[in-house]
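Student: So here's query.txt, just compact mmCIF, C-alpha atoms:
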# COMPACT_ATOMS: atom_id res chain seq x y z
CA MET Q 1 -85.84 89.16 68.13
CA THR Q 2 -83.38 91.05 65.96
CA GLU Q 3 -84.31 93.47 63.24
CA ARG Q 4 -83.00 91.09 60.59
CA ASP Q 5 -85.10 88.18 61.92
CA ASP Q 6 -88.15 90.41 61.73
CA LYS Q 7 -87.42 91.40 58.14
CA THR Q 8 -87.08 87.75 57.18
CA LEU Q 9 -90.19 86.75 59.11
CA ALA Q 10 -92.17 89.52 57.41
CA GLY Q 11 -90.84 88.28 54.06
CA GLU Q 12 -91.87 84.69 54.78
CA TYR Q 13 -95.31 85.93 55.79
CA VAL Q 14 -95.74 87.87 52.54
CA LEU Q 15 -94.53 84.86 50.51
CA GLY Q 16 -97.37 82.89 52.17
CA LEU Q 17 -94.96 80.45 53.79
CA LEU Q 18 -95.96 80.79 57.45
CA GLU Q 19 -98.41 78.24 58.77
CA GLY Q 20 -100.31 77.54 61.96
CA SER Q 21 -99.28 79.43 65.05
CA ALA Q 22 -96.39 81.22 63.29
CA LYS Q 23 -98.88 82.68 60.83
CA LEU Q 24 -101.31 83.70 63.56
CA GLU Q 25 -98.51 85.34 65.50
CA ALA Q 26 -97.38 87.26 62.41
CA GLU Q 27 -100.97 88.41 61.82
CA ARG Q 28 -101.33 89.50 65.40
CA ARG Q 29 -98.12 91.54 65.13
CA LEU Q 30 -99.21 92.97 61.79
CA ALA Q 31 -102.21 94.46 63.58
CA SER Q 32 -100.41 95.66 66.68
CA ASP Q 33 -96.72 96.22 65.88
CA VAL Q 34 -96.12 99.24 63.68
CA ALA Q 35 -92.48 98.35 62.89
CA PHE Q 36 -93.43 94.82 61.84
CA ALA Q 37 -96.35 96.13 59.74
CA ARG Q 38 -93.87 98.40 57.98
CA GLU Q 39 -91.64 95.42 57.16
CA VAL Q 40 -94.64 93.54 55.76
CA GLU Q 41 -95.65 96.49 53.59
CA GLY Q 42 -92.03 96.74 52.40
CA TRP Q 43 -92.14 93.16 51.13
CA ARG Q 44 -95.56 93.65 49.55
CA VAL Q 45 -94.19 96.57 47.61
CA ARG Q 46 -91.02 94.66 46.61
CA PHE Q 47 -93.03 91.72 45.27
CA ALA Q 48 -95.83 93.83 43.73
CA ALA Q 49 -94.07 93.72 40.36
CA PHE Q 50 -95.03 90.03 40.13
CA ASP Q 51 -98.74 90.86 40.53
CA ASP Q 52 -98.50 93.74 38.08
CA ALA Q 53 -96.92 91.39 35.54
CA ALA Q 54 -99.62 88.71 35.80
CA GLU Q 55 -101.20 87.98 32.45
CA PRO Q 56 -104.72 89.42 32.58
CA HIS Q 57 -107.58 86.95 32.25
CA ALA Q 58 -110.78 88.66 31.31
CA ALA Q 59 -113.21 88.97 34.16
CA GLY Q 60 -116.61 89.61 32.74
CA ASP Q 61 -119.94 90.91 33.89
CA GLU Q 62 -120.86 87.43 35.10
CA LEU Q 63 -118.28 87.62 37.87
CA TRP Q 64 -119.35 91.15 38.72
CA ARG Q 65 -122.97 90.00 39.02
CA LYS Q 66 -121.91 87.32 41.51
CA ILE Q 67 -120.01 89.91 43.53
CA GLU Q 68 -122.97 92.28 43.50
CA ALA Q 69 -125.38 89.50 44.46
CA GLY Q 70 -123.21 88.56 47.44
CA MET Q 71 -122.65 92.05 48.80
CA PRO Q 72 -123.97 91.88 52.37
CA ALA Q 73 -126.59 94.46 53.09
CA ALA Q 74 -125.47 96.09 49.90
CA SER Q 75 -128.87 97.23 48.74
CA ALA Q 76 -129.59 98.71 52.14
CA ARG Q 77 -126.08 100.02 52.45
CA PRO Q 78 -126.13 103.78 52.61
CA LYS Q 79 -124.14 106.27 50.64
CA ALA Q 80 -123.45 108.46 53.60
CA SER Q 81 -122.63 107.59 57.16
CA PRO Q 82 -125.87 108.75 58.87
CA SER Q 83 -127.75 105.73 57.60
CA ALA Q 84 -124.90 103.50 58.66
CA TRP Q 85 -126.57 104.07 61.99
CA THR Q 86 -129.69 102.43 60.61
CA LEU Q 87 -127.65 99.41 59.65
CA PHE Q 88 -126.11 99.28 63.07
CA TRP Q 89 -129.38 99.72 64.94
CA ASN Q 90 -130.98 97.02 62.81
CA ASN Q 91 -128.24 94.71 63.93
CA LEU Q 92 -128.59 95.96 67.44
CA ALA Q 93 -132.27 95.10 67.40
CA ALA Q 94 -131.48 91.61 66.14
CA LEU Q 95 -128.80 91.21 68.71
CA ARG Q 96 -131.05 92.28 71.56
CA ALA Q 97 -133.77 90.00 70.29
CA THR Q 98 -131.54 87.00 70.85
CA ALA Q 99 -132.14 87.47 74.55
CA LEU Q 100 -128.57 86.62 75.41
CA GLY Q 101 -128.44 89.24 78.08
CA ALA Q 102 -126.60 91.79 76.02
CA SER Q 103 -127.25 94.89 78.03
CA LEU Q 104 -127.33 98.32 76.50
CA ALA Q 105 -124.29 99.25 78.57
CA ALA Q 106 -122.29 96.47 76.99
CA LEU Q 107 -123.39 97.48 73.53
CA LEU Q 108 -122.30 101.01 74.17
CA LEU Q 109 -119.03 99.51 75.31
CA ALA Q 110 -118.79 97.70 71.98
CA VAL Q 111 -119.34 100.95 70.13
CA GLY Q 112 -116.80 102.68 72.32
CA LEU Q 113 -114.29 99.91 71.75
CA GLY Q 114 -114.91 100.08 68.04
CA PHE Q 115 -113.90 103.73 68.10
CA ALA Q 116 -110.96 103.13 70.40
CA ILE Q 117 -109.60 100.36 68.23
CA ARG Q 118 -110.06 102.32 65.06
CA ALA Q 119 -108.05 105.11 66.59
CA ALA Q 120 -105.40 102.70 67.83
CA SER Q 121 -104.73 100.76 64.67
CA GLN Q 122 -106.77 98.51 62.46
CA GLN Q 123 -110.49 98.54 62.93
CA PRO Q 124 -112.23 95.19 63.27
CA MET Q 125 -115.27 94.53 61.10
CA MET Q 126 -117.12 92.78 63.88
CA VAL Q 127 -116.98 93.04 67.63
CA ALA Q 128 -118.56 90.72 70.19
CA VAL Q 129 -118.61 91.63 73.86
CA LEU Q 130 -118.71 88.45 75.95
CA LEU Q 131 -120.78 88.94 79.08
CA ASP Q 132 -121.51 87.23 82.33
CA GLY Q 133 -124.84 88.78 83.17
CA ASN Q 134 -123.94 92.46 83.01
CA ARG Q 135 -120.19 92.03 83.51
CA ALA Q 136 -118.11 92.13 80.33
CA GLY Q 137 -115.27 89.58 80.43
CA ALA Q 138 -113.75 89.63 76.98
CA VAL Q 139 -114.09 91.12 73.53
CA VAL Q 140 -113.80 89.25 70.24
CA HIS Q 141 -112.50 91.28 67.28
CA ALA Q 142 -112.99 89.94 63.76
CA PHE Q 143 -110.80 91.71 61.21
CA ALA Q 144 -111.36 91.99 57.48
CA ASP Q 145 -108.37 89.84 56.60
CA GLY Q 146 -109.89 86.89 58.43
CA ARG Q 147 -108.11 87.26 61.76
CA VAL Q 148 -110.26 86.84 64.83
CA VAL Q 149 -108.75 87.74 68.20
CA LEU Q 150 -110.09 87.41 71.74
CA VAL Q 151 -109.04 90.10 74.21
CA PRO Q 152 -109.90 89.63 77.91
CA ILE Q 153 -111.06 92.82 79.64
CA ALA Q 154 -111.65 91.35 83.12
CA SER Q 155 -109.63 88.94 85.20
CA ILE Q 156 -110.94 85.38 84.88
CA ASN Q 157 -110.18 82.85 87.58
CA VAL Q 158 -108.97 79.52 86.23
CA PRO Q 159 -108.69 76.73 88.84
CA PRO Q 160 -105.59 74.48 88.60
CA GLY Q 161 -105.97 71.67 86.06
CA ARG Q 162 -108.61 73.58 84.15
CA ALA Q 163 -108.55 75.76 81.04
CA LEU Q 164 -110.63 78.36 79.27
CA GLU Q 165 -111.99 77.16 75.97
CA VAL Q 166 -113.43 79.53 73.37
CA TRP Q 167 -116.30 78.40 71.13
CA THR Q 168 -118.31 79.84 68.30
CA LEU Q 169 -121.56 78.81 66.71
CA PRO Q 170 -121.14 79.23 62.94
CA SER Q 171 -124.57 77.66 62.35
CA ARG Q 172 -127.16 75.71 64.31
CA GLU Q 173 -126.65 72.69 62.04
CA ARG Q 174 -122.95 72.59 62.72
CA GLY Q 175 -123.18 73.31 66.44
CA PRO Q 176 -120.47 74.85 68.62
CA VAL Q 177 -116.90 74.65 67.33
CA SER Q 178 -113.81 75.08 69.52
CA VAL Q 179 -111.68 77.98 68.30
CA GLY Q 180 -109.18 78.42 71.12
CA LEU Q 181 -107.85 77.07 74.41
CA MET Q 182 -105.78 78.84 77.09
CA ASN Q 183 -104.82 78.14 80.67
CA GLN Q 184 -105.20 81.77 81.70
CA ALA Q 185 -106.98 84.83 80.37
CA ARG Q 186 -104.81 86.43 77.71
CA THR Q 187 -105.09 87.89 74.21
CA LEU Q 188 -105.65 84.88 72.00
CA PRO Q 189 -105.79 84.62 68.19
CA LEU Q 190 -108.77 82.37 67.47
CA SER Q 191 -108.51 79.62 64.93
CA LEU Q 192 -111.44 79.97 62.52
CA LYS Q 193 -109.60 78.90 59.40
CA ASP Q 194 -111.90 75.96 58.72
CA LEU Q 195 -114.98 78.10 59.26
CA PRO Q 196 -116.65 80.80 57.22
CA PRO Q 197 -115.73 84.32 58.39
CA PRO Q 198 -117.94 85.31 61.33
CA GLY Q 199 -121.17 87.01 60.34
CA PRO Q 200 -123.18 89.49 62.36
CA ASP Q 201 -124.99 88.05 65.36
CA GLN Q 202 -122.71 85.00 65.63
CA LEU Q 203 -122.36 83.54 69.12
CA PHE Q 204 -118.99 83.33 70.87
CA GLU Q 205 -118.59 81.89 74.36
CA ILE Q 206 -115.96 80.88 76.89
CA THR Q 207 -116.42 77.72 78.96
CA LEU Q 208 -114.37 76.20 81.76
CA GLU Q 209 -112.96 72.85 80.59
CA PRO Q 210 -110.28 70.31 81.55
CA ALA Q 211 -106.71 71.56 80.98
CA THR Q 212 -106.43 69.78 77.62
CA GLY Q 213 -109.77 71.05 76.42
CA SER Q 214 -113.22 69.52 76.23
CA PRO Q 215 -112.95 65.73 75.86
CA THR Q 216 -116.07 65.58 73.68
CA GLY Q 217 -115.39 68.38 71.21
CA ARG Q 218 -118.48 70.17 72.56
CA PRO Q 219 -118.69 72.51 75.55
CA THR Q 220 -118.96 70.43 78.74
CA GLY Q 221 -118.19 72.93 81.50
CA PRO Q 222 -120.03 76.03 82.69
CA VAL Q 223 -120.37 78.97 80.32
CA LEU Q 224 -118.40 81.87 81.83
CA PHE Q 225 -119.00 84.56 79.22
CA LYS Q 226 -120.93 84.76 76.00
CA GLY Q 227 -122.01 87.31 73.44
CA ASN Q 228 -122.88 87.87 69.80
CA THR Q 229 -121.02 89.74 67.10
CA ALA Q 230 -122.18 93.11 65.85
CA LEU Q 231 -120.89 95.09 62.87
CA THR Q 232 -118.64 97.95 63.83
CA LEU Q 233 -119.37 101.39 62.49
CA MET M 1 -114.82 79.50 30.26
CA LEU M 2 -117.43 82.20 30.15
CA ALA M 3 -115.21 85.09 30.94
CA THR M 4 -112.69 84.56 28.17
CA GLU M 5 -115.26 85.77 25.65
CA TYR M 6 -114.96 89.28 26.96
CA GLN M 7 -112.45 91.64 25.49
CA LEU M 8 -109.83 93.22 27.62
CA SER M 9 -110.11 96.93 27.95
CA PRO M 10 -106.89 98.85 27.33
CA MET M 11 -106.91 99.85 30.99
CA THR M 12 -106.71 96.30 32.31
CA ALA M 13 -104.13 95.22 29.75
CA SER M 14 -101.62 97.95 30.47
CA ARG M 15 -99.17 97.91 33.32
CA PRO M 16 -100.42 99.77 36.36
CA ASP M 17 -98.71 103.04 37.26
CA ASN M 18 -99.02 105.81 39.83
CA ALA M 19 -102.23 107.00 38.22
CA THR M 20 -103.72 103.51 38.64
CA GLU M 21 -102.78 103.55 42.31
CA ALA M 22 -104.34 106.99 42.80
CA GLN M 23 -107.51 105.91 41.03
CA VAL M 24 -107.85 102.73 43.09
CA ALA M 25 -107.06 104.50 46.37
CA ALA M 26 -109.72 107.15 45.65
CA ALA M 27 -112.26 104.45 44.78
CA LEU M 28 -111.45 102.51 47.94
CA ILE M 29 -112.11 105.58 50.06
CA ARG M 30 -115.48 105.99 48.32
CA CYS M 31 -116.26 102.31 49.00
CA ALA M 32 -115.83 103.03 52.69
CA SER M 33 -118.84 105.35 52.50
CA GLY M 34 -120.96 102.68 50.82
CA ASP M 35 -120.57 103.80 47.21
CA ARG M 36 -121.12 100.69 45.08
CA ALA M 37 -120.08 102.40 41.87
CA ALA M 38 -116.63 102.85 43.40
CA LEU M 39 -116.26 99.10 43.87
CA ARG M 40 -117.14 98.69 40.21
CA VAL M 41 -114.35 101.14 39.35
CA ILE M 42 -111.86 98.92 41.18
CA TYR M 43 -113.33 95.90 39.40
CA ASP M 44 -112.94 97.53 35.99
CA VAL M 45 -109.36 98.55 36.69
CA GLU M 46 -108.07 95.46 38.50
CA ALA M 47 -110.31 92.40 38.10
CA SER M 48 -108.72 90.86 35.02
CA ARG M 49 -105.24 91.21 36.47
CA MET M 50 -106.51 89.79 39.77
CA VAL M 51 -107.91 86.75 37.96
CA GLY M 52 -104.47 86.36 36.35
CA VAL M 53 -102.70 86.49 39.73
CA ALA M 54 -105.15 83.97 41.22
CA ARG M 55 -104.84 81.64 38.21
CA ARG M 56 -101.10 81.34 38.68
CA ILE M 57 -101.82 80.04 42.17
CA LEU M 58 -105.02 78.06 41.55
CA ARG M 59 -104.63 77.17 37.85
CA ARG M 60 -108.36 76.86 37.27
CA GLN M 61 -110.40 79.78 35.98
CA ASP M 62 -113.40 78.89 38.17
CA LEU M 63 -111.32 78.80 41.36
CA ALA M 64 -109.48 81.97 40.37
CA GLU M 65 -112.79 83.76 39.89
CA GLU M 66 -113.94 82.47 43.26
CA ALA M 67 -110.84 83.97 44.88
CA VAL M 68 -111.48 87.29 43.14
CA GLN M 69 -115.12 87.23 44.21
CA ASP M 70 -114.10 86.57 47.84
CA THR M 71 -111.58 89.40 47.58
CA PHE M 72 -114.14 91.93 46.37
CA MET M 73 -116.52 90.96 49.17
CA ARG M 74 -113.77 91.53 51.72
CA VAL M 75 -112.64 94.76 50.12
CA TRP M 76 -116.22 96.03 50.23
CA ARG M 77 -116.72 95.10 53.87
CA ALA M 78 -113.31 96.25 55.02
CA ALA M 79 -112.82 99.39 52.92
CA ALA M 80 -113.18 101.55 56.03
CA THR M 81 -110.17 99.83 57.61
CA PHE M 82 -107.87 100.75 54.73
CA ASP M 83 -105.38 103.32 55.95
CA ARG M 84 -103.51 105.23 53.28
CA GLU M 85 -100.82 106.19 55.77
CA LYS M 86 -99.89 102.55 56.27
CA GLY M 87 -99.61 101.35 52.72
CA ALA M 88 -100.75 101.46 49.13
CA ALA M 89 -104.33 100.68 48.14
CA ARG M 90 -103.31 98.20 45.48
CA SER M 91 -100.89 96.31 47.71
CA TRP M 92 -103.69 96.11 50.32
CA ILE M 93 -106.10 94.64 47.75
CA TYR M 94 -103.54 92.18 46.36
CA ALA M 95 -102.59 91.03 49.87
CA ILE M 96 -106.27 90.18 50.44
CA LEU M 97 -106.37 88.43 47.05
CA ARG M 98 -103.33 86.31 47.89
CA ASN M 99 -104.87 85.36 51.25
CA CYS M 100 -108.12 84.35 49.54
CA ALA M 101 -106.34 82.35 46.84
CA LEU M 102 -104.06 80.60 49.33
CA SER M 103 -107.06 79.71 51.53
CA ILE M 104 -108.75 78.05 48.56
CA LEU M 105 -105.48 76.33 47.60
CA ARG M 106 -104.85 74.99 51.10
CA ASP M 107 -108.49 74.06 51.70
CA GLU M 108 -108.02 70.32 51.93
CA GLY M 109 -109.90 68.03 49.60
CA ARG M 110 -111.07 70.75 47.26
CA PHE M 111 -108.12 70.88 45.00
CA THR M 112 -105.68 68.36 43.62
CA SER M 113 -102.29 69.64 42.69
CA ASP M 114 -101.14 66.76 40.46
CA GLU M 115 -100.59 69.17 37.63
CA ASP M 116 -98.65 71.43 39.91
CA ALA M 117 -96.50 68.57 41.13
CA ALA M 118 -95.67 67.47 37.60
CA GLU M 119 -94.58 70.87 36.35
CA GLN M 120 -90.85 71.53 36.54
CA ALA M 121 -89.55 74.23 38.84
CA ALA M 122 -87.14 75.77 36.33
CA PRO M 123 -89.61 76.75 33.57
CA MET M 124 -92.17 77.92 36.15
CA THR M 125 -89.53 80.18 37.68
CA GLU M 126 -88.12 81.44 34.39
CA ASN M 127 -91.55 82.23 32.93
CA ALA M 128 -92.51 84.31 35.94
CA LEU M 129 -89.16 86.07 35.87
CA ALA M 130 -89.44 86.77 32.14
CA SER M 131 -92.84 88.41 32.70
CA LEU M 132 -91.20 91.13 34.80
CA PRO M 133 -90.06 94.29 33.02
CA GLU M 134 -86.33 94.16 32.34
CA ALA M 135 -85.80 97.35 34.27
CA SER M 136 -87.60 96.09 37.38
CA ALA M 137 -85.50 95.97 40.54
CA LEU M 138 -87.17 92.71 41.52
CA ARG M 139 -86.06 91.03 38.30
CA ARG M 140 -82.54 92.44 38.45
CA CYS M 141 -82.08 91.32 42.06
CA LEU M 142 -83.62 87.88 41.53
CA GLU M 143 -81.30 87.31 38.59
CA ARG M 144 -78.35 87.85 40.87
CA LEU M 145 -79.41 84.89 43.00
CA ASP M 146 -78.36 81.31 42.40
CA PRO M 147 -81.17 79.65 40.31
CA ALA M 148 -82.34 77.29 43.06
CA ARG M 149 -82.58 80.12 45.60
CA ARG M 150 -84.35 82.31 43.08
CA SER M 151 -86.90 79.59 42.43
CA VAL M 152 -88.08 79.30 46.05
CA VAL M 153 -89.06 82.97 46.06
CA VAL M 154 -90.86 82.74 42.74
CA LEU M 155 -92.61 79.42 43.39
CA SER M 156 -93.94 80.55 46.76
CA TYR M 157 -95.02 84.07 45.81
CA VAL M 158 -96.22 83.53 42.26
CA HIS M 159 -97.52 79.95 42.44
CA GLY M 160 -98.41 79.68 46.12
CA LEU M 161 -96.27 76.62 46.85
CA SER M 162 -95.57 75.70 50.48
CA HIS M 163 -92.14 74.82 51.88
CA GLY M 164 -93.06 71.11 51.61
CA GLU M 165 -94.28 71.37 48.02
CA MET M 166 -91.09 73.15 47.02
CA ALA M 167 -88.96 70.52 48.76
CA GLY M 168 -90.78 67.85 46.72
CA LYS M 169 -90.47 69.71 43.45
CA LEU M 170 -86.83 70.63 43.92
CA GLY M 171 -85.87 67.26 45.42
CA VAL M 172 -84.16 68.75 48.49
CA PRO M 173 -84.88 68.45 52.23
CA LEU M 174 -87.39 70.78 53.87
CA GLY M 175 -84.66 72.40 55.97
CA THR M 176 -82.72 73.29 52.84
CA VAL M 177 -85.76 74.98 51.31
CA LYS M 178 -86.34 76.96 54.48
CA SER M 179 -82.76 78.16 54.61
CA TRP M 180 -82.79 79.06 50.89
CA VAL M 181 -85.91 81.16 51.47
CA ARG M 182 -84.32 83.04 54.37
CA ARG M 183 -81.06 83.69 52.55
CA SER M 184 -82.87 84.76 49.39
CA LEU M 185 -84.94 87.22 51.40
CA THR M 186 -81.82 88.66 53.00
CA SER M 187 -80.11 89.04 49.60
CA LEU M 188 -83.21 90.57 48.02
CA GLN M 189 -83.61 93.02 50.83
CA GLU M 190 -79.99 94.12 50.51
CA CYS M 191 -80.25 94.38 46.75
CA MET M 192 -83.62 96.16 46.55
CA GLY M 193 -83.22 98.28 49.68
Re-express the file's structure as structure tokens.
Tutor:
Amino acid sequence: MTERDDKTLAGEYVLGLLEGSAKLEAERRLASDVAFAREVEGWRVRFAAFDDAAEPHAAGDELWRKIEAGMPAASARPKASPSAWTLFWNNLAALRATALGASLAALLLAVGLGFAIRAASQQPMMVAVLLDGNRAGAVVHAFADGRVVLVPIASINVPPGRALEVWTLPSRERGPVSVGLMNQARTLPLSLKDLPPPGPDQLFEITLEPATGSPTGRPTGPVLFKGNTALTL
Amino acid sequence: MLATEYQLSPMTASRPDNATEAQVAAALIRCASGDRAALRVIYDVEASRMVGVARRILRRQDLAEEAVQDTFMRVWRAAATFDREKGAARSWIYAILRNCALSILRDEGRFTSDEDAAEQAAPMTENALASLPEASALRRCLERLDPARRSVVVLSYVHGLSHGEMAGKLGVPLGTVKSWVRRSLTSLQECMG
């Protein structure tokens, strides 16, 4: 792709004109491709004058109260980082209590990955390590801007004519929802646009399904890996 | 609407400048350490303008406030991921706002855009253009574009229209809209640097 194409693509992304897979791809590159991220920021700055010129519409204390009321863990949220540990360990306790086989080693891996990713580029808000017993197969990263990406960290055998399908459980009432399908293990942007952003302790799993995905819309094949989200530090 | 009873503070009514950016960036960094008062600082400085930006996309005050509420939740949760090296604090916040507003807009079945469809492209474009300061590079460079090509930039950024909605409003094929967008972006980039 030429430099000019990238500039235009970044512009279309900032205008809000990319849809579907083109949008997901742009978001993936925004997180991983420094040159592309720079193009995006360039367009945001160029168009910022429009936002600055918007006619203000008073936002009162009512709206602020709603924001305050919805702040997750806000009252328990610490001022300084030491008690962020408390928050994390609370989540850890909840996560372990789900008896999904999340071993301490895997959780330490999640913490380690959280640090590694922060150092590398954009830090995800949530991480889920998907396990098969004690073997970690993939990591799900949920970013603040709504992107959720699955990254395999072990090779996964996919027999011919079969595919890996990724599921999440946004709520027990709703049941498992398919968020991605691939014929081999690779980094995959997950499609959660019709779902609320993942919360802490939300289940993700990978099942083996027919090549075109589960025929029923629910997992039908064996569960290969599964794990729950935890807040990153 | 409840919120219209409140008076604008001078801060929210004035155009943001470098000091506004510095203030918001500092508050965002404090948010990352869990300081709720810092989020309130951002609210006091930006919320009314954010409602204005969201209203141009969503038209309704209640939906605009919902977008702003979603944005503040995300800003609070994600403050630690903000990286000053990579971009400005305000452009980061407004990018989140635009994402939230566009999600609400495109959320099928929740929103009818009859009003949007009926409004003419030309006055929508010209009003948005006229709101820009005369000295702004964006305004100067948009004014150099042919009116139809100018409108696709304004209608998508300011009003959140999709390619298809613009094709309908402008009465041209989808492919034409797409090529106008690309050429306008190229011209703008050359003009604004």
Student: Got a sec to check which residues sit within 12 Å of (-91.7, 75.6, 37.7), counting only C-alpha atoms, and write them as an mmCIF file with C-alpha atoms, in the frame of the given file?
Tutor:
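Produced file out-v2.cif, reproduced below:
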data_model
loop_
_atom_site.group_PDB
_atom_site.id
_atom_site.type_symbol
_atom_site.label_atom_id
_atom_site.label_comp_id
_atom_site.auth_asym_id
_atom_site.auth_seq_id
_atom_site.Cartn_x
_atom_site.Cartn_y
_atom_site.Cartn_z
ATOM 1 C CA ARG M 56 -101.100 81.340 38.680
ATOM 2 C CA ILE M 57 -101.820 80.040 42.170
ATOM 3 C CA GLU M 115 -100.590 69.170 37.630
ATOM 4 C CA ASP M 116 -98.650 71.430 39.910
ATOM 5 C CA ALA M 117 -96.500 68.570 41.130
ATOM 6 C CA ALA M 118 -95.670 67.470 37.600
ATOM 7 C CA GLU M 119 -94.580 70.870 36.350
ATOM 8 C CA GLN M 120 -90.850 71.530 36.540
ATOM 9 C CA ALA M 121 -89.550 74.230 38.840
ATOM 10 C CA ALA M 122 -87.140 75.770 36.330
ATOM 11 C CA PRO M 123 -89.610 76.750 33.570
ATOM 12 C CA MET M 124 -92.170 77.920 36.150
ATOM 13 C CA THR M 125 -89.530 80.180 37.680
ATOM 14 C CA GLU M 126 -88.120 81.440 34.390
ATOM 15 C CA ASN M 127 -91.550 82.230 32.930
ATOM 16 C CA ALA M 128 -92.510 84.310 35.940
ATOM 17 C CA LEU M 129 -89.160 86.070 35.870
ATOM 18 C CA PRO M 147 -81.170 79.650 40.310
ATOM 19 C CA ALA M 148 -82.340 77.290 43.060
ATOM 20 C CA ARG M 150 -84.350 82.310 43.080
ATOM 21 C CA SER M 151 -86.900 79.590 42.430
ATOM 22 C CA VAL M 152 -88.080 79.300 46.050
ATOM 23 C CA VAL M 153 -89.060 82.970 46.060
ATOM 24 C CA VAL M 154 -90.860 82.740 42.740
ATOM 25 C CA LEU M 155 -92.610 79.420 43.390
ATOM 26 C CA SER M 156 -93.940 80.550 46.760
ATOM 27 C CA VAL M 158 -96.220 83.530 42.260
ATOM 28 C CA HIS M 159 -97.520 79.950 42.440
ATOM 29 C CA GLY M 160 -98.410 79.680 46.120
ATOM 30 C CA LEU M 161 -96.270 76.620 46.850
ATOM 31 C CA GLU M 165 -94.280 71.370 48.020
ATOM 32 C CA MET M 166 -91.090 73.150 47.020
ATOM 33 C CA GLY M 168 -90.780 67.850 46.720
ATOM 34 C CA LYS M 169 -90.470 69.710 43.450
ATOM 35 C CA LEU M 170 -86.830 70.630 43.920
#
Student: Got a sec to pull out which chain Q residues are within 8 Å of chain M, counting only C-alpha atoms, and send them as a PyMOL selection string?
Tutor: chain Q and resi 8+11-12+14-17+38+41+44-60+62-64+66-67+70-71+74+77-81+118+122-125+144-145
Student: Pick out the residues sitting within 8 Å of stretch 172-179 of chain Q, and hand them over as a PyMOL selection string; count only C-alpha atoms, and ignore anything fewer than 3 positions along from it in its own chain.
Tutor: chain Q and resi 165-169+190-192+217-219
Student: Could you write out that same residue set with C-alpha atoms as a PDB file, in the coordinates of the input?
Tutor:
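Below is the file that was written, result_28.pdb:
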ATOM      1  CA  GLU Q 165    -111.990  77.160  75.970  1.00  0.00           C
ATOM      2  CA  VAL Q 166    -113.430  79.530  73.370  1.00  0.00           C
ATOM      3  CA  TRP Q 167    -116.300  78.400  71.130  1.00  0.00           C
ATOM      4  CA  THR Q 168    -118.310  79.840  68.300  1.00  0.00           C
ATOM      5  CA  LEU Q 169    -121.560  78.810  66.710  1.00  0.00           C
ATOM      6  CA  LEU Q 190    -108.770  82.370  67.470  1.00  0.00           C
ATOM      7  CA  SER Q 191    -108.510  79.620  64.930  1.00  0.00           C
ATOM      8  CA  LEU Q 192    -111.440  79.970  62.520  1.00  0.00           C
ATOM      9  CA  GLY Q 217    -115.390  68.380  71.210  1.00  0.00           C
ATOM     10  CA  ARG Q 218    -118.480  70.170  72.560  1.00  0.00           C
ATOM     11  CA  PRO Q 219    -118.690  72.510  75.550  1.00  0.00           C
TER      12      PRO Q 219
END
Student: For Q:Gly227, which residue among Q:Ile156, Q:Val149, Q:Ala138, Q:Leu195 is the nearest when counting all atoms listed in the file?
Tutor: Q:Ala138
Student: Atom CA of Q:Glu68 to atom CA of Q:Lys193: how many Å, to one decimal?
Tutor: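 One can read the atom CA of Q:Glu68 to atom CA of Q:Lys193 distance as 24.7 Å.
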Student: For atom CA of Q:Pro196 and atom CA of Q:Leu18, quote the distance in Å rounded to one decimal.
Tutor: 20.7 Å
Student: Please measure the separation of atom CA of Q:Ile153 and atom CA of Q:Ala211, giving the value in Å to one decimal.
Tutor: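 So the answer is 21.7 Å.
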Student: Name the residues in contact with Q:Leu130 at a cut-off of 7 Å, using only C-alpha atoms, excluding same-chain residues fewer than 6 positions from it; report them as a list in words.
Tutor: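 Listed by chain and then number, they are Ala136, Gly137, Ala138, Val139, Glu205, Phe225, Lys226 and Gly227 of chain Q.
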Student: Those same residues - C-alpha atoms - I'd like them written as a PDB file, in the frame of the given file.
Tutor:
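Result went into out-v4.pdb, see below:
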ATOM      1  CA  ALA Q 136    -118.110  92.130  80.330  1.00  0.00           C
ATOM      2  CA  GLY Q 137    -115.270  89.580  80.430  1.00  0.00           C
ATOM      3  CA  ALA Q 138    -113.750  89.630  76.980  1.00  0.00           C
ATOM      4  CA  VAL Q 139    -114.090  91.120  73.530  1.00  0.00           C
ATOM      5  CA  GLU Q 205    -118.590  81.890  74.360  1.00  0.00           C
ATOM      6  CA  PHE Q 225    -119.000  84.560  79.220  1.00  0.00           C
ATOM      7  CA  LYS Q 226    -120.930  84.760  76.000  1.00  0.00           C
ATOM      8  CA  GLY Q 227    -122.010  87.310  73.440  1.00  0.00           C
TER       9      GLY Q 227
END
Student: Excluding Q:Leu150 and residues on its chain fewer than 5 positions from it, collect all residues at most 10 Å away from it, counting all atoms listed in the file, and give them as an mmCIF file with C-alpha atoms, in the coordinates of the input.
Tutor:
data_model
loop_
_atom_site.group_PDB
_atom_site.id
_atom_site.type_symbol
_atom_site.label_atom_id
_atom_site.label_comp_id
_atom_site.auth_asym_id
_atom_site.auth_seq_id
_atom_site.Cartn_x
_atom_site.Cartn_y
_atom_site.Cartn_z
ATOM 1 C CA VAL Q 127 -116.980 93.040 67.630
ATOM 2 C CA ALA Q 128 -118.560 90.720 70.190
ATOM 3 C CA VAL Q 129 -118.610 91.630 73.860
ATOM 4 C CA LEU Q 130 -118.710 88.450 75.950
ATOM 5 C CA ALA Q 138 -113.750 89.630 76.980
ATOM 6 C CA VAL Q 139 -114.090 91.120 73.530
ATOM 7 C CA VAL Q 140 -113.800 89.250 70.240
ATOM 8 C CA HIS Q 141 -112.500 91.280 67.280
ATOM 9 C CA ALA Q 142 -112.990 89.940 63.760
ATOM 10 C CA VAL Q 166 -113.430 79.530 73.370
ATOM 11 C CA GLY Q 180 -109.180 78.420 71.120
ATOM 12 C CA ALA Q 185 -106.980 84.830 80.370
ATOM 13 C CA ARG Q 186 -104.810 86.430 77.710
ATOM 14 C CA THR Q 187 -105.090 87.890 74.210
ATOM 15 C CA LEU Q 188 -105.650 84.880 72.000
ATOM 16 C CA PRO Q 189 -105.790 84.620 68.190
ATOM 17 C CA LEU Q 190 -108.770 82.370 67.470
ATOM 18 C CA PHE Q 204 -118.990 83.330 70.870
#
